[in-house]
>>> print(open('final07.txt').read())   # compact mmCIF, C-alpha atoms
# COMPACT_ATOMS: atom_id res chain seq x y z
CA MET A 1 -13.44 -58.37 103.19
CA ARG A 2 -15.17 -58.95 106.50
CA ASN A 3 -12.01 -60.66 107.77
CA GLU A 4 -9.96 -57.58 106.90
CA TYR A 5 -12.30 -55.30 108.87
CA LEU A 6 -12.20 -57.73 111.76
CA HIS A 7 -8.41 -57.68 111.79
CA ILE A 8 -8.34 -53.88 111.72
CA PHE A 9 -10.84 -53.69 114.59
CA ILE A 10 -8.81 -56.12 116.69
CA ALA A 11 -5.61 -54.13 116.00
CA TRP A 12 -7.22 -50.85 117.12
CA LEU A 13 -8.60 -52.55 120.20
CA CYS A 14 -5.09 -53.72 121.13
CA ILE A 15 -3.68 -50.23 120.61
CA LEU A 16 -6.36 -48.61 122.78
CA THR A 17 -5.89 -51.22 125.49
CA GLY A 18 -2.12 -50.59 125.50
CA CYS A 19 -2.56 -46.82 125.77
CA SER A 20 -4.95 -47.32 128.67
CA ASN A 21 -2.39 -49.40 130.49
CA VAL A 22 0.35 -46.80 129.89
CA SER A 23 -1.88 -44.00 131.15
CA HIS A 24 -2.70 -46.06 134.24
CA LYS A 25 0.98 -46.61 134.97
CA GLN A 26 1.78 -42.88 134.64
CA THR A 27 -0.84 -41.81 137.18
CA THR A 28 0.49 -44.12 139.85
CA VAL A 29 2.79 -41.92 142.02
CA PRO A 30 4.96 -43.60 144.65
CA PRO A 31 5.08 -42.11 148.15
CA VAL A 32 7.74 -39.43 148.80
CA ASN A 33 10.41 -40.48 151.27
CA VAL A 34 10.78 -37.95 154.08
CA ARG A 35 12.28 -37.59 157.52
CA VAL A 36 10.18 -36.10 160.31
CA GLN A 37 10.72 -34.51 163.69
CA VAL A 38 8.18 -34.45 166.49
CA VAL A 39 7.63 -30.96 167.88
CA THR A 40 8.58 -30.55 171.54
CA PRO A 41 9.02 -27.25 173.45
CA VAL A 42 12.63 -26.20 174.08
CA ARG A 43 13.78 -24.15 177.06
CA THR A 44 15.69 -20.98 176.06
CA ASP A 45 17.50 -18.71 178.53
CA GLY A 46 16.69 -15.54 176.62
CA ASN A 47 20.31 -14.34 176.48
CA MET A 48 22.30 -13.67 173.32
CA ARG A 49 26.06 -13.09 173.59
CA TYR A 50 28.37 -11.34 171.15
CA VAL A 51 31.88 -9.88 171.02
CA GLY A 52 32.10 -6.15 170.30
CA THR A 53 34.53 -3.25 170.07
CA VAL A 54 34.28 0.05 171.92
CA LYS A 55 34.23 3.08 169.63
CA ALA A 56 33.93 6.84 169.98
CA VAL A 57 30.43 8.11 169.22
CA HIS A 58 31.79 10.16 166.30
CA GLU A 59 34.87 9.25 164.30
CA ILE A 60 35.90 11.80 161.66
CA PRO A 61 38.33 10.58 158.98
CA LEU A 62 40.73 13.36 157.94
CA ALA A 63 42.53 13.75 154.62
CA VAL A 64 44.17 16.51 152.62
CA GLN A 65 42.33 17.84 149.58
CA THR A 66 45.35 18.54 147.40
CA THR A 67 48.53 16.75 146.35
CA GLY A 68 51.65 17.86 148.21
CA ARG A 69 54.69 17.01 150.28
CA VAL A 70 54.42 17.15 154.09
CA VAL A 71 56.47 20.03 155.49
CA THR A 72 55.48 20.03 159.17
CA VAL A 73 53.59 17.69 161.50
CA GLU A 74 51.89 19.47 164.39
CA CYS A 75 50.23 16.54 166.20
CA ARG A 76 50.78 12.94 167.29
CA ASP A 77 48.71 9.86 168.04
CA GLY A 78 46.60 10.17 171.18
CA GLU A 79 46.92 13.96 171.40
CA ARG A 80 43.81 15.97 172.22
CA VAL A 81 43.39 18.87 169.79
CA ARG A 82 41.05 21.85 169.73
CA LYS A 83 38.86 22.99 166.86
CA GLY A 84 40.86 24.83 164.18
CA GLN A 85 44.25 23.63 165.44
CA VAL A 86 46.86 22.98 162.72
CA LEU A 87 47.58 19.25 162.35
CA LEU A 88 50.03 19.31 159.44
CA THR A 89 51.11 21.49 156.51
CA LEU A 90 52.04 20.71 152.93
CA ASP A 91 54.53 22.48 150.70
CA SER A 92 52.56 25.49 149.46
CA THR A 93 55.19 27.03 147.15
CA GLN A 94 53.32 26.38 143.92
CA ALA A 95 49.95 27.22 145.45
CA VAL A 96 51.27 30.58 146.75
CA GLN A 97 52.77 31.43 143.37
CA ALA A 98 49.50 30.61 141.66
CA TYR A 99 47.67 32.82 144.14
CA HIS A 100 50.05 35.77 143.55
CA SER A 101 49.56 35.39 139.80
CA ALA A 102 45.78 35.28 140.18
CA ALA A 103 45.86 38.29 142.51
CA SER A 104 47.88 40.25 139.94
CA VAL A 105 45.34 39.44 137.22
CA LEU A 106 42.56 40.51 139.59
CA ARG A 107 44.21 43.89 140.23
CA GLN A 108 44.54 44.47 136.48
CA ALA A 109 40.90 43.56 135.93
CA GLU A 110 39.79 45.86 138.74
CA ASP A 111 41.85 48.75 137.31
CA ALA A 112 40.47 48.14 133.80
CA TYR A 113 36.91 48.02 135.08
CA LYS A 114 37.43 51.25 137.03
CA ARG A 115 38.75 53.10 133.96
CA VAL A 116 36.02 51.75 131.64
CA SER A 117 33.24 52.64 134.09
CA GLN A 118 34.53 56.22 134.40
CA VAL A 119 34.24 56.91 130.67
CA HIS A 120 31.14 54.80 130.12
CA ALA A 121 28.87 57.51 131.50
CA SER A 122 30.14 59.98 128.90
CA GLY A 123 29.41 57.57 126.05
CA ALA A 124 33.03 57.03 125.06
CA VAL A 125 32.72 53.34 125.81
CA THR A 126 29.96 51.16 124.44
CA ASP A 127 27.71 49.01 126.59
CA GLN A 128 29.32 45.89 125.13
CA GLN A 129 32.78 47.00 126.23
CA MET A 130 31.39 47.67 129.69
CA VAL A 131 29.90 44.15 129.88
CA GLU A 132 33.23 42.62 128.77
CA ALA A 133 35.06 44.50 131.53
CA GLU A 134 32.55 43.28 134.12
CA SER A 135 32.91 39.69 132.86
CA LYS A 136 36.72 39.78 133.05
CA LEU A 137 36.55 41.22 136.56
CA SER A 138 34.18 38.44 137.67
CA GLN A 139 36.43 35.75 136.18
CA ALA A 140 39.52 37.25 137.82
CA ARG A 141 37.79 37.30 141.21
CA SER A 142 36.78 33.64 140.84
CA MET A 143 40.32 32.60 139.89
CA ALA A 144 41.80 34.53 142.79
CA GLU A 145 39.35 32.96 145.24
CA LEU A 146 40.14 29.49 143.91
CA ALA A 147 43.88 30.10 144.23
CA ARG A 148 43.43 31.37 147.79
CA HIS A 149 41.44 28.25 148.67
CA GLN A 150 44.20 26.02 147.28
CA VAL A 151 46.70 27.76 149.54
CA GLU A 152 44.44 27.12 152.55
CA GLU A 153 44.14 23.43 151.60
CA CYS A 154 47.88 23.05 152.14
CA THR A 155 47.14 23.33 155.88
CA LEU A 156 45.10 20.58 157.55
CA ARG A 157 43.16 21.80 160.60
CA ALA A 158 41.02 19.96 163.13
CA PRO A 159 37.31 20.39 162.24
CA SER A 160 36.32 19.91 165.89
CA GLU A 161 37.75 19.06 169.28
CA GLY A 162 38.87 15.47 169.68
CA ILE A 163 41.73 13.00 169.98
CA VAL A 164 43.99 12.09 167.07
CA SER A 165 44.02 8.39 166.21
CA GLY A 166 45.77 6.37 163.52
CA PHE A 167 48.09 9.15 162.38
CA ASN A 168 50.27 7.81 159.55
CA ALA A 169 51.98 10.76 157.80
CA GLU A 170 55.63 11.83 158.06
CA VAL A 171 57.62 14.90 157.07
CA GLY A 172 58.78 14.59 153.46
CA GLU A 173 56.02 12.16 152.51
CA SER A 174 53.91 13.00 149.46
CA LEU A 175 50.18 12.76 150.09
CA LEU A 176 47.34 12.23 147.66
CA PRO A 177 43.99 14.02 147.97
CA GLY A 178 41.26 12.02 149.70
CA ALA A 179 43.58 9.44 151.28
CA ARG A 180 42.86 9.19 155.02
CA ILE A 181 45.87 10.05 157.15
CA MET A 182 44.24 10.12 160.60
CA THR A 183 40.94 9.84 162.48
CA LEU A 184 39.63 12.44 164.91
CA LEU A 185 37.76 10.80 167.81
CA ASP A 186 34.96 12.64 169.57
CA MET A 187 35.52 11.70 173.22
CA SER A 188 32.20 13.08 174.47
CA GLY A 189 30.78 9.54 174.48
CA TYR A 190 31.27 5.92 173.45
CA ASP A 191 29.30 3.15 171.85
CA VAL A 192 29.95 -0.51 171.13
CA SER A 193 29.85 -2.17 167.72
CA PHE A 194 29.31 -5.92 167.28
CA ALA A 195 28.31 -8.45 164.62
CA VAL A 196 25.10 -10.49 164.83
CA PRO A 197 24.59 -13.70 162.79
CA GLU A 198 21.87 -13.55 160.16
CA THR A 199 19.94 -16.26 162.02
CA GLU A 200 19.60 -13.97 165.07
CA ILE A 201 19.34 -10.46 163.62
CA SER A 202 15.52 -10.45 163.69
CA SER A 203 15.69 -10.75 167.49
CA VAL A 204 17.73 -7.52 167.78
CA ASN A 205 15.66 -4.33 167.77
CA ALA A 206 16.19 -0.62 168.31
CA ASP A 207 16.03 0.50 171.98
CA GLN A 208 16.66 -3.07 173.16
CA THR A 209 18.80 -3.05 176.31
CA GLY A 210 21.65 -5.25 177.44
CA ILE A 211 24.88 -5.47 179.41
CA MET A 212 28.42 -4.89 178.11
CA THR A 213 31.46 -6.21 179.97
CA CYS A 214 34.85 -4.69 179.14
CA ALA A 215 37.46 -7.43 178.73
CA ALA A 216 40.34 -5.22 179.86
CA THR A 217 38.84 -3.81 183.06
CA GLY A 218 35.98 -6.17 183.88
CA GLU A 219 33.65 -3.18 184.28
CA GLN A 220 30.02 -3.59 183.23
CA TYR A 221 27.90 -0.99 181.49
CA THR A 222 24.28 -0.74 180.44
CA ILE A 223 23.78 -0.44 176.69
CA ARG A 224 20.86 0.38 174.41
CA ILE A 225 20.66 -0.61 170.74
CA ARG A 226 20.83 2.48 168.52
CA GLU A 227 20.91 1.02 165.02
CA LYS A 228 21.41 -2.18 163.06
CA ASN A 229 22.79 -2.22 159.56
CA LEU A 230 20.50 -4.10 157.17
CA ASN A 231 23.34 -4.75 154.71
CA ALA A 232 24.81 -8.13 155.57
CA ASN A 233 28.47 -9.05 155.38
CA PRO A 234 28.40 -11.47 152.41
CA LEU A 235 31.38 -13.48 153.68
CA ALA A 236 30.59 -13.78 157.39
CA HIS A 237 26.76 -13.67 157.00
CA THR A 238 26.51 -11.19 159.86
CA TYR A 239 24.93 -7.77 160.42
CA SER A 240 26.64 -4.84 162.13
CA VAL A 241 24.88 -3.45 165.22
CA ARG A 242 25.79 -0.38 167.29
CA ALA A 243 24.62 0.33 170.81
CA ASP A 244 24.98 3.41 173.02
CA ILE A 245 26.74 3.03 176.37
CA THR A 246 24.58 4.76 178.95
CA GLY A 247 25.85 6.36 182.14
CA GLU A 248 29.48 6.96 183.10
CA THR A 249 32.05 5.41 180.78
CA GLY A 250 34.71 4.97 183.45
CA ASN A 251 38.06 3.82 182.05
CA LEU A 252 36.84 2.93 178.57
CA LEU A 253 39.02 3.71 175.58
CA PRO A 254 38.33 3.28 171.85
CA GLY A 255 39.36 -0.14 170.53
CA MET A 256 38.74 -2.07 173.75
CA VAL A 257 37.12 -5.49 173.34
CA ALA A 258 33.90 -6.20 175.20
CA THR A 259 31.34 -8.97 175.67
CA VAL A 260 27.78 -7.92 174.84
CA MET A 261 24.78 -9.75 176.29
CA LEU A 262 21.30 -8.91 175.03
CA THR A 263 18.15 -10.09 176.74
CA SER A 264 15.25 -11.58 174.81
CA SER A 265 12.16 -13.49 175.87
CA ALA A 266 13.00 -16.60 177.93
CA GLY A 267 10.84 -19.68 178.46
CA ASN A 268 9.66 -22.77 176.59
CA HIS A 269 9.50 -22.29 172.84
CA ILE A 270 8.83 -24.49 169.83
CA VAL A 271 12.02 -24.39 167.79
CA VAL A 272 12.30 -25.90 164.29
CA PRO A 273 15.29 -26.07 161.92
CA ALA A 274 15.57 -22.93 159.80
CA ALA A 275 15.71 -25.04 156.59
CA CYS A 276 12.14 -26.28 157.26
CA ILE A 277 10.65 -22.80 156.93
CA ARG A 278 9.24 -22.21 153.45
CA LEU A 279 8.67 -18.56 152.55
CA LEU A 280 5.71 -17.77 150.28
CA PRO A 281 4.02 -14.48 149.33
CA SER A 282 1.31 -15.41 151.83
CA GLY A 283 3.85 -15.89 154.63
CA ALA A 284 5.96 -18.59 156.30
CA SER A 285 4.91 -22.24 156.41
CA VAL A 286 6.16 -25.74 157.23
CA TRP A 287 5.25 -29.21 155.99
CA VAL A 288 3.53 -31.47 158.56
CA VAL A 289 2.23 -35.04 158.47
CA ARG A 290 -1.53 -35.59 158.57
CA ASP A 291 -2.88 -39.17 158.16
CA GLY A 292 0.13 -40.26 156.15
CA ARG A 293 0.03 -37.28 153.80
CA ALA A 294 1.91 -33.99 153.56
CA VAL A 295 0.07 -30.79 154.47
CA ARG A 296 1.46 -27.26 154.20
CA LEU A 297 0.78 -25.45 157.49
CA PRO A 298 1.07 -21.64 157.88
CA VAL A 299 3.19 -20.57 160.85
CA GLU A 300 4.41 -17.36 162.43
CA ALA A 301 8.11 -17.03 163.29
CA GLY A 302 8.85 -15.51 166.67
CA GLY A 303 12.58 -15.01 166.20
CA TYR A 304 15.83 -16.74 165.38
CA GLN A 305 18.38 -18.42 167.60
CA ALA A 306 21.47 -20.58 167.15
CA ASP A 307 19.63 -23.91 166.79
CA GLY A 308 16.71 -22.79 164.63
CA VAL A 309 13.59 -20.63 164.40
CA ARG A 310 11.16 -20.04 167.24
CA ILE A 311 7.53 -20.61 166.16
CA SER A 312 5.03 -18.44 168.01
CA GLN A 313 1.88 -19.64 166.20
CA GLY A 314 0.84 -22.54 163.97
CA LEU A 315 2.47 -25.57 165.63
CA THR A 316 1.57 -27.46 168.78
CA GLU A 317 3.41 -30.03 170.83
CA GLY A 318 3.30 -33.46 169.18
CA ASP A 319 3.05 -32.23 165.58
CA SER A 320 5.29 -34.10 163.13
CA ILE A 321 7.13 -31.67 160.85
CA ILE A 322 8.99 -32.79 157.75
CA VAL A 323 12.68 -31.91 158.04
CA GLN A 324 14.07 -33.67 154.94
CA GLY A 325 12.58 -34.45 151.55
CA PHE A 326 10.15 -31.52 151.50
CA GLN A 327 11.52 -30.29 148.16
CA LYS A 328 9.30 -32.79 146.27
CA LEU A 329 6.16 -32.35 148.34
CA TYR A 330 2.77 -30.96 147.38
CA ASN A 331 -0.41 -30.67 149.41
CA GLY A 332 -2.02 -34.05 149.98
CA CYS A 333 0.77 -36.20 148.54
CA GLU A 334 1.40 -39.58 150.16
CA ILE A 335 4.60 -39.85 152.17
CA ALA A 336 6.80 -42.60 153.53
CA VAL A 337 8.67 -41.84 156.74
CA VAL A 338 12.26 -43.13 156.75
CA ASP A 339 14.77 -43.24 159.56
>>> encode(input="final07.txt", output="structure tokens")
Amino acid sequence: MRNEYLHIFIAWLCILTGCSNVSHKQTTVPPVNVRVQVVTPVRTDGNMRYVGTVKAVHEIPLAVQTTGRVVTVECRDGERVRKGQVLLTLDSTQAVQAYHSAASVLRQAEDAYKRVSQVHASGAVTDQQMVEAESKLSQARSMAELARHQVEECTLRAPSEGIVSGFNAEVGESLLPGARIMTLLDMSGYDVSFAVPETEISSVNADQTGIMTCAATGEQYTIRIREKNLNANPLAHTYSVRADITGETGNLLPGMVATVMLTSSAGNHIVVPAACIRLLPSGASVWVVRDGRAVRLPVEAGGYQADGVRISQGLTEGDSIIVQGFQKLYNGCEIAVVD
């Protein structure tokens, strides 16, 4: 009996010893292989260059509001038009007929209302009949006004003074409502539109100044950033920016290509690869090496440029940042630097 207990005790002792060994093996974590880069200041010239297009300050797309066939064309591309000038007309035969019919119904309703109101005072007509006459008159007026408006929509007029651009309608062509057939350019001023890569958009701000050089004429103009669109182009990964052209516009015309140069802060900056920046609710950070271990270090980004992110605070010259392998890191883990 004692031998049986002894055997059981020895078996349990072996099991416990084996579990202890397994647990010991599981807690042994090998170093994480990483690649590092030593921080050194980089000289930046402070200039950012883009290619833009000159545009009129206001561009009004024009379209007809009713379906119809073009009867006359009263303008052409590049023509300056005044406010209210007729640009084109559509076949208004059906619209005119509908208006005459509505006008006839309106005259009948007005005559009926006049006769009912004359006898209403004497009590020959009930109040209900009077209300019905008023209702029919109101409906007839609304229908006549709608028909008149449809006749007017057969004529497209210039909403303001400007120059016609992109005119693409011809006599005999059937147009659909809402389809743009031309653009009216406000020639009182110009601006320039250009695309900025997502890695540099944070360095572009409202009221920032720069220089624009027209490719066709070689003339230079001072520009000032008016707005930047915060909706990125998902294919090109760029943001649209528009800048006002200050001063005289010289020989500029809409559609001209120009080179835009914006000025930012020049000097020596610490620049790190954008992929190294880890974004947390507490802010941006990078992984650095301290005594053979990984340490998460908070940093402050000072702007983007083509080769990375400028760091304004958090890093100093000589720091070793981890540029590859940081996906498996945690604070204090042992690392092995590989070439």
>>> residues_around(input="final07.txt", residues="Glu110 of chain A", least_positions_apart="5", cutoff="10 Å", atoms="all atoms listed in the file", output="list in words")
Ser104, Val105, Arg115, Val116, Ala133, Glu134, Lys136, Leu137, Ser138, Ala140 and Arg141 of chain A
>>> residues_around(input="final07.txt", residues="Thr209 of chain A", least_positions_apart="3", cutoff="7 Å", atoms="only C-alpha atoms", output="list of chain:residue names")
A:Ile223, A:Arg224, A:Ile225, A:Leu262
>>> residues_around(input="final07.txt", residues="segment 60-75 of chain A", least_positions_apart="4", cutoff="12 Å", atoms="only C-alpha atoms", output="PyMOL selection string")
chain A and resi 55-56+79-82+85-95+149-187
>>> closest_residue(input="final07.txt", among="A:Ala216, A:Leu230, A:Val119, A:Val32", to="Ser202 of chain A", atoms="only C-alpha atoms")
A:Leu230
>>> closest_residue(input="final07.txt", among="A:Ser135, A:Gln128, A:Thr40, A:Gln324", to="Ala336 of chain A", atoms="all atoms listed in the file")
A:Gln324
>>> atom_distance(input="final07.txt", atom1="atom CA of Ala195 of chain A", atom2="atom CA of Ala243 of chain A")
11.4 Å
>>> closest_residue(input="final07.txt", among="A:Gly52, A:Pro298, A:Gly210, A:Pro197", to="Met261 of chain A", atoms="all atoms listed in the file")
A:Gly210
>>> atom_distance(input="final07.txt", atom1="atom CA of Ala294 of chain A", atom2="atom CA of Ile311 of chain A")
19.2 Å
